[in-house]
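Only one structure is covered here, and it is reproduced in the block below.
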Amino acid sequence: MPALGEDCDLILIHDSVNGGDPYGFVLSPDPSKSGSAISIQRSLNDSDETQIYLFATVLLADDLKNPDGSEHSDNRQTMYDMLLLYLEQIEGLSIGTIMGTYLGLGQIGHSATELHLIDASFISLKFANISTYHSPILSDLFFGSLWQDSPPAVDAFTWDTSVWR
């Protein structure tokens with residue numbers, strides 16, 4: 001399973017992609033910040049419901065380095081193909097970040113801008129909450145709550161310790 005800060009900066013999860021298993025992406029470094037960044041924009045709609053937009057730019061390259069300095073396991077084309085599968089999903093995405101995992105996200109209008117260079121691709125993403133907004137869940141708690149094969153891993157959560165919404 002991908003590990004934030006080690007082999008990825010952003011994790012995408014959808015039941016219809018990658019067998020429902022999480023897939024990690026490395027974010028493009030932000031020259032105005034130290035390292036990579038995601039951006040969250042919040043607003044209230046006409047019904048006084050919170051609308052969030054999550055923005056991030058992923059970096060795809062054949063010789064990509066993970067946040068911990070190790071070599072990324074997948075090549076540029078494999079990462080691009082996987083990203084396109086996630087972008088085809090209009091709802092039901094979960095997105096793991098350093099601030100927690102956002103649930104119930106999807107596409108509203110413009111969802112990506114792609115810049116393809118000889119050695120790398122930079123893809124700016126935009127996701128929005130499609131359902132009722134909930135604050136992000138701590139990523140360790142969320143990933144520990146995912147269904148696991150039988151028998152479950154030693155550190156798996158039980159019915160009593162999992163997150164349910």
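Just remember, in the structure tokens the first chain shown is A, the second B, etc., residues are 1-based per chain, and ligands are 1-based in the order shown.
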
Test item: residues at most 12 Å from Asn18 (chain A), only C-alpha atoms, excluding those fewer than 3 positions along its chain, as number ranges by chain: A: 1, 12-15, 21-24, 78-79, 81-86

Output N, CA and C atoms for every residue in that selection, as a compact mmCIF listing (two decimals), in the first residue's frame.
# COMPACT_ATOMS: atom_id res chain seq x y z
N MET A 1 0.85 -1.17 0.00
CA MET A 1 0.00 0.00 0.00
C MET A 1 0.90 1.24 0.00
N LEU A 12 -4.95 8.21 -4.39
CA LEU A 12 -6.31 8.18 -4.93
C LEU A 12 -6.89 6.79 -4.72
N ILE A 13 -8.18 6.74 -4.38
CA ILE A 13 -8.88 5.48 -4.14
C ILE A 13 -10.27 5.56 -4.75
N HIS A 14 -10.62 4.53 -5.51
CA HIS A 14 -11.99 4.40 -6.03
C HIS A 14 -12.25 2.92 -6.23
N ASP A 15 -13.45 2.47 -5.89
CA ASP A 15 -13.79 1.05 -5.98
C ASP A 15 -13.60 0.48 -7.38
N ASP A 21 -7.84 -0.82 -4.72
CA ASP A 21 -6.64 -0.57 -3.92
C ASP A 21 -6.16 0.86 -4.12
N PRO A 22 -5.61 1.47 -3.08
CA PRO A 22 -5.08 2.82 -3.19
C PRO A 22 -3.90 2.88 -4.17
N TYR A 23 -3.74 4.03 -4.84
CA TYR A 23 -2.61 4.23 -5.76
C TYR A 23 -2.00 5.59 -5.45
N GLY A 24 -0.69 5.62 -5.28
CA GLY A 24 0.00 6.84 -4.90
C GLY A 24 0.64 7.59 -6.05
N THR A 78 2.58 4.14 -17.18
CA THR A 78 1.74 3.41 -16.23
C THR A 78 1.02 4.38 -15.29
N MET A 79 1.76 5.37 -14.79
CA MET A 79 1.15 6.36 -13.89
C MET A 79 0.08 7.17 -14.63
N ASP A 81 -1.70 6.25 -17.30
CA ASP A 81 -2.86 5.39 -17.54
C ASP A 81 -3.71 5.25 -16.28
N MET A 82 -3.05 5.10 -15.13
CA MET A 82 -3.78 4.97 -13.86
C MET A 82 -4.50 6.27 -13.53
N LEU A 83 -3.84 7.40 -13.72
CA LEU A 83 -4.47 8.68 -13.44
C LEU A 83 -5.71 8.89 -14.31
N LEU A 84 -5.62 8.52 -15.58
CA LEU A 84 -6.78 8.66 -16.47
C LEU A 84 -7.96 7.83 -15.99
N LEU A 85 -7.70 6.65 -15.45
CA LEU A 85 -8.78 5.82 -14.91
C LEU A 85 -9.47 6.53 -13.74
N TYR A 86 -8.69 7.17 -12.88
CA TYR A 86 -9.29 7.92 -11.77
C TYR A 86 -10.07 9.14 -12.28

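Taking CA of Leu117 (chain A) and CA of Phe55 (chain A) as the two end points, the separation is 20.9 Å.
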
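Here CA of Thr113 (chain A) stands at a distance of 6.8 Å from CA of Leu125 (chain A).
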
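Nearest to Ile98 (chain A) of all the residues A:Ser16, A:Ser39, A:Asn129, A:Ser28 is A:Ser39, based on only C-alpha atoms.
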
Listing only residues of region 68-145 of chain A within 12 Å of region 40-44 of chain A, what is the closest atom pair and its distance in Å (to one decimal) for each, using only C-alpha atoms, sorted by chain and residue number ascending, as JSON lines?
{"residue": "A:Thr97", "atom": "CA", "partner": "A:Ile40", "partner_atom": "CA", "distance": 11.0}
{"residue": "A:Met99", "atom": "CA", "partner": "A:Ile40", "partner_atom": "CA", "distance": 10.5}
{"residue": "A:Tyr102", "atom": "CA", "partner": "A:Ile40", "partner_atom": "CA", "distance": 10.7}
{"residue": "A:Leu125", "atom": "CA", "partner": "A:Ile40", "partner_atom": "CA", "distance": 11.7}
{"residue": "A:Lys126", "atom": "CA", "partner": "A:Ile40", "partner_atom": "CA", "distance": 9.7}
{"residue": "A:Phe127", "atom": "CA", "partner": "A:Ile40", "partner_atom": "CA", "distance": 9.6}
{"residue": "A:Ala128", "atom": "CA", "partner": "A:Gln41", "partner_atom": "CA", "distance": 9.3}
{"residue": "A:Asn129", "atom": "CA", "partner": "A:Arg42", "partner_atom": "CA", "distance": 10.2}
{"residue": "A:Thr132", "atom": "CA", "partner": "A:Leu44", "partner_atom": "CA", "distance": 12.0}
{"residue": "A:Tyr133", "atom": "CA", "partner": "A:Arg42", "partner_atom": "CA", "distance": 10.3}
{"residue": "A:Ser135", "atom": "CA", "partner": "A:Arg42", "partner_atom": "CA", "distance": 11.5}
{"residue": "A:Pro136", "atom": "CA", "partner": "A:Ile40", "partner_atom": "CA", "distance": 11.4}

What is the CA of Leu59 (chain A)-CA of His110 (chain A) distance in Å, reported with one decimal?
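About the pair CA of Leu59 (chain A) and CA of His110 (chain A): they are 19.0 Å apart.
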
Expected answer as an MDAnalysis selection string: strand (DSSP E or B) residues in region 6-114 of chain A = chainID A and resid 8 10:13 23:25 27 29 36 38:44 50:60 65 71 93:97 100:106 112:114

Just want the 9 Å neighbourhood of Leu87 (chain A), counted on only C-alpha atoms, with same-chain residues fewer than 6 positions away dropped. Output as a count of residues only.
5
